[in-house]
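Enquirer: Dropping in my_file_16.cif, which is mmCIF, C-alpha atoms:
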```
data_work
loop_
_atom_site.label_atom_id
_atom_site.label_comp_id
_atom_site.auth_asym_id
_atom_site.auth_seq_id
_atom_site.Cartn_x
_atom_site.Cartn_y
_atom_site.Cartn_z
CA MET A 1 36.15 -37.41 33.86
CA PHE A 2 35.74 -34.94 36.71
CA GLU A 3 32.08 -35.54 37.57
CA LEU A 4 29.94 -32.38 37.72
CA ARG A 5 32.57 -29.77 38.42
CA PRO A 6 31.69 -26.18 37.52
CA PHE A 7 33.14 -25.12 34.19
CA GLU A 8 35.53 -22.20 34.52
CA HIS A 9 36.70 -20.35 31.45
CA ARG A 10 40.22 -19.14 32.02
CA THR A 11 42.03 -16.89 29.58
CA ASN A 12 45.73 -16.99 29.03
CA ARG A 13 47.18 -14.04 30.96
CA ALA A 14 50.01 -13.63 28.45
CA MET A 15 47.50 -13.12 25.63
CA ARG A 16 45.60 -10.28 27.34
CA PRO A 17 46.62 -6.71 26.58
CA TYR A 18 48.42 -4.83 29.35
CA ASP A 19 46.11 -3.09 31.81
CA PRO A 20 47.82 -1.18 34.63
CA PHE A 21 44.68 -1.32 36.80
CA ARG A 22 44.00 -5.08 36.42
CA GLU A 23 45.84 -6.09 39.60
CA MET A 24 44.00 -3.47 41.67
CA GLU A 25 40.65 -4.65 40.26
CA GLU A 26 41.54 -8.29 41.00
CA LEU A 27 42.53 -7.35 44.56
CA GLU A 28 39.29 -5.41 45.00
CA ARG A 29 37.28 -8.32 43.56
CA ALA A 30 39.01 -10.78 45.92
CA PHE A 31 38.44 -8.55 48.94
CA PHE A 32 34.88 -7.36 48.31
CA GLY A 33 33.67 -10.18 46.03
CA GLY A 34 31.78 -9.80 42.76
CA ARG A 35 32.64 -7.27 40.12
CA PRO A 36 34.83 -4.21 40.69
CA PHE A 37 33.16 -0.95 41.66
CA GLY A 38 32.62 1.48 38.81
CA GLY A 39 32.68 0.15 35.26
CA GLU A 40 30.30 -2.79 35.14
CA ARG A 41 27.16 -3.00 37.25
CA ASP A 42 27.33 -5.13 40.39
CA PHE A 43 24.16 -7.24 40.63
CA GLY A 44 24.02 -7.43 44.41
CA GLY A 45 26.13 -10.58 44.72
CA LEU A 46 24.19 -12.47 42.06
CA THR A 47 26.92 -12.39 39.41
CA GLU A 48 27.05 -16.14 39.91
CA PHE A 49 24.23 -18.07 41.54
CA LYS A 50 25.17 -20.64 44.17
CA THR A 51 24.70 -24.38 43.76
CA ASP A 52 24.92 -27.49 45.95
CA ILE A 53 25.65 -30.87 44.39
CA GLN A 54 24.96 -34.07 46.33
CA ASP A 55 26.02 -37.59 45.37
CA LYS A 56 22.99 -39.81 45.96
CA GLY A 57 24.71 -43.04 44.92
CA ASP A 58 23.04 -43.75 41.59
CA SER A 59 22.41 -40.07 40.80
CA TYR A 60 23.41 -36.51 41.58
CA LEU A 61 21.12 -33.85 42.99
CA LEU A 62 21.99 -30.30 41.96
CA GLU A 63 20.20 -27.49 43.81
CA ALA A 64 20.65 -23.94 42.51
CA ASP A 65 19.44 -20.88 44.41
CA LEU A 66 17.52 -18.67 41.97
CA PRO A 67 15.19 -16.58 44.16
CA GLY A 68 12.86 -14.15 42.45
CA PHE A 69 13.08 -15.74 39.01
CA LYS A 70 10.08 -16.93 37.05
CA LYS A 71 10.18 -20.51 35.81
CA GLU A 72 9.92 -19.25 32.22
CA ASP A 73 13.12 -17.19 32.64
CA ILE A 74 15.29 -20.19 33.62
CA HIS A 75 16.85 -22.30 30.86
CA ILE A 76 18.85 -25.52 31.00
CA ASP A 77 20.81 -26.18 27.82
CA LEU A 78 22.69 -29.39 27.07
CA ASP A 79 25.48 -29.24 24.51
CA GLY A 80 27.61 -32.35 24.27
CA GLU A 81 29.10 -32.93 27.72
CA THR A 82 28.31 -29.43 29.00
CA MET A 83 25.15 -28.30 30.78
CA THR A 84 24.50 -24.58 31.06
CA ILE A 85 21.93 -23.17 33.48
CA SER A 86 20.97 -19.61 32.65
CA ALA A 87 18.45 -17.24 34.18
CA GLU A 88 17.39 -13.73 33.29
CA ARG A 89 15.60 -11.22 35.47
CA HIS A 90 13.99 -8.27 33.75
CA SER A 91 13.75 -4.79 35.20
CA GLU A 92 10.16 -3.61 35.38
CA HIS A 93 10.74 -0.45 37.39
CA GLU A 94 12.47 1.77 34.83
CA GLU A 95 9.24 3.43 33.67
CA LYS A 96 8.15 3.98 37.27
CA ASP A 97 11.45 5.68 38.11
CA LYS A 98 10.60 8.52 35.69
CA GLU A 99 7.38 9.11 37.60
CA GLY A 100 9.25 9.25 40.90
CA ASN A 101 7.49 6.30 42.56
CA TYR A 102 10.66 4.76 43.99
CA LEU A 103 12.60 6.25 46.88
CA ARG A 104 15.21 3.50 46.67
CA CYS A 105 15.52 0.52 44.35
CA GLU A 106 18.01 -2.23 45.24
CA ARG A 107 16.53 -5.22 43.45
CA SER A 108 18.87 -6.53 40.83
CA TYR A 109 18.26 -7.51 37.24
CA GLY A 110 20.35 -9.03 34.50
CA SER A 111 21.33 -12.45 33.20
CA TYR A 112 23.27 -15.12 35.04
CA GLN A 113 24.67 -18.45 33.94
CA ARG A 114 26.84 -21.37 35.04
CA SER A 115 28.14 -24.35 33.12
CA PHE A 116 28.84 -27.86 34.37
CA ASP A 117 30.59 -30.93 32.96
CA ILE A 118 28.01 -33.70 32.64
CA SER A 119 30.13 -36.35 30.96
CA GLY A 120 29.12 -38.95 33.61
CA ILE A 121 25.37 -38.18 33.43
CA GLU A 122 22.58 -40.03 31.61
CA GLU A 123 21.14 -36.99 29.78
CA GLY A 124 17.87 -38.60 28.71
CA ALA A 125 16.83 -39.39 32.29
CA MET A 126 17.49 -35.96 33.81
CA LYS A 127 14.59 -34.26 35.64
CA ALA A 128 14.22 -30.61 36.66
CA GLU A 129 11.81 -28.85 38.99
CA TYR A 130 11.63 -25.29 40.30
CA ALA A 131 9.88 -24.32 43.53
CA ASP A 132 10.38 -21.66 46.20
CA GLY A 133 13.36 -20.10 44.41
CA VAL A 134 15.34 -23.36 44.19
CA LEU A 135 16.01 -25.23 40.95
CA LYS A 136 16.45 -28.97 41.58
CA LEU A 137 18.01 -31.23 38.97
CA THR A 138 18.05 -34.98 39.42
CA MET A 139 20.78 -36.39 37.21
CA PRO A 140 21.20 -40.19 37.05
CA LYS A 141 24.77 -41.41 36.61
CA LYS A 142 25.74 -43.35 33.53
CA GLN A 143 25.98 -47.06 34.14
CA GLN A 144 29.58 -48.18 34.42
CA THR A 145 30.25 -50.93 31.94
CA VAL A 146 32.61 -53.59 33.17
CA SER A 147 34.73 -54.91 30.37
CA SER A 148 34.97 -58.65 30.27
CA ALA A 149 38.45 -59.99 29.80
CA ARG A 150 39.04 -62.50 27.07
CA ARG A 151 41.91 -63.93 25.09
CA LEU A 152 42.15 -63.70 21.35
CA GLU A 153 43.39 -66.75 19.52
CA ILE A 154 46.13 -66.15 16.97
CA GLN A 155 45.42 -67.72 13.61
#
```
Please express the file's structure as structure tokens.
Expert:
Amino acid sequence: MFELRPFEHRTNRAMRPYDPFREMEELERAFFGGRPFGGERDFGGLTEFKTDIQDKGDSYLLEADLPGFKKEDIHIDLDGETMTISAERHSEHEEKDKEGNYLRCERSYGSYQRSFDISGIEEGAMKAEYADGVLKLTMPKKQQTVSSARRLEIQ
């Protein structure tokens, strides 16, 4: 049990088809951060939202920065021992662009998500609140059961 570590999906490099530009894209991603230029859209550094996790003794406090999101657009899904936090920001300026109202538009839109291992968490007692662009999850730890030692008699 690794206690609330972010879930990272890693693919087997040997199984991926050969791409002569992969190493350059990985170098660019490592140097500049986020997604490579060109190809996919870069969401202004929000490809992965940032979280802080504090151990409060009997519980964990997870704080996720999600500025500019509406509470209705944030979802917390529990599936077995995995918790996924997802958020989606919709673009409302596309129609206005055709009218020429924007000189420059840098606000990002898209969907974002992160998954966490919650195998040591009491799922039924979790609480979530969202205020001022910060999602706060209070997650009580499961009670550790101490096994009592005993001797079995042989019959």
Enquirer: Taking the file as shown, what set of residues would the PyMOL selection byres ((chain A and resi 126-135) around 8) give back, as a PDB file with C-alpha atoms, in the frame of the given file?
Expert:
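Output file result08.pdb follows:
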```pdb
ATOM      1  CA  LEU A  62      21.990 -30.300  41.960  1.00  0.00           C
ATOM      2  CA  GLU A  63      20.200 -27.490  43.810  1.00  0.00           C
ATOM      3  CA  ALA A  64      20.650 -23.940  42.510  1.00  0.00           C
ATOM      4  CA  ASP A  65      19.440 -20.880  44.410  1.00  0.00           C
ATOM      5  CA  LEU A  66      17.520 -18.670  41.970  1.00  0.00           C
ATOM      6  CA  PRO A  67      15.190 -16.580  44.160  1.00  0.00           C
ATOM      7  CA  GLY A  68      12.860 -14.150  42.450  1.00  0.00           C
ATOM      8  CA  PHE A  69      13.080 -15.740  39.010  1.00  0.00           C
ATOM      9  CA  LYS A  71      10.180 -20.510  35.810  1.00  0.00           C
ATOM     10  CA  GLU A 122      22.580 -40.030  31.610  1.00  0.00           C
ATOM     11  CA  GLU A 123      21.140 -36.990  29.780  1.00  0.00           C
ATOM     12  CA  GLY A 124      17.870 -38.600  28.710  1.00  0.00           C
ATOM     13  CA  ALA A 125      16.830 -39.390  32.290  1.00  0.00           C
ATOM     14  CA  LYS A 136      16.450 -28.970  41.580  1.00  0.00           C
ATOM     15  CA  LEU A 137      18.010 -31.230  38.970  1.00  0.00           C
ATOM     16  CA  THR A 138      18.050 -34.980  39.420  1.00  0.00           C
ATOM     17  CA  MET A 139      20.780 -36.390  37.210  1.00  0.00           C
ATOM     18  CA  PRO A 140      21.200 -40.190  37.050  1.00  0.00           C
TER      19      PRO A 140
END
```
Enquirer: Evaluate the PyMOL selection byres ((chain A and resi 74) around 7) on the structure here and hand back the selected residues as an mmCIF file with C-alpha atoms, in the frame of the given file.
Expert:
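This is the output file out14.cif:
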```cif
data_model
loop_
_atom_site.group_PDB
_atom_site.id
_atom_site.type_symbol
_atom_site.label_atom_id
_atom_site.label_comp_id
_atom_site.auth_asym_id
_atom_site.auth_seq_id
_atom_site.Cartn_x
_atom_site.Cartn_y
_atom_site.Cartn_z
ATOM 1 C CA LYS A 71 10.180 -20.510 35.810
ATOM 2 C CA GLU A 72 9.920 -19.250 32.220
ATOM 3 C CA ASP A 73 13.120 -17.190 32.640
ATOM 4 C CA HIS A 75 16.850 -22.300 30.860
ATOM 5 C CA ILE A 76 18.850 -25.520 31.000
ATOM 6 C CA SER A 86 20.970 -19.610 32.650
ATOM 7 C CA ALA A 87 18.450 -17.240 34.180
ATOM 8 C CA GLU A 88 17.390 -13.730 33.290
#
```
Enquirer: Work out how far CA of Asp55 (chain A) is from CA of Val146 (chain A), in Å to one decimal.
Expert: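 Computed distance, CA of Val146 (chain A) to CA of Asp55 (chain A), equals 21.2 Å.
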Enquirer: Please report the interatomic distance between CA of Lys50 (chain A) and CA of Phe21 (chain A) in Å with one decimal.
Expert: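 Interatomic distance, CA of Lys50 (chain A) to CA of Phe21 (chain A): 28.4 Å.
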Enquirer: Measure the distance from CA of Thr51 (chain A) to CA of Asp79 (chain A) in Å and round it to one decimal.
Expert: 19.9 Å
Enquirer: If the PyMOL selection byres ((chain A and resi 112) around 9) were run on this exact file, what residues would it hold? Put them as number ranges by chain.
Expert: A: 46-49, 85-89, 110-111, 113-114
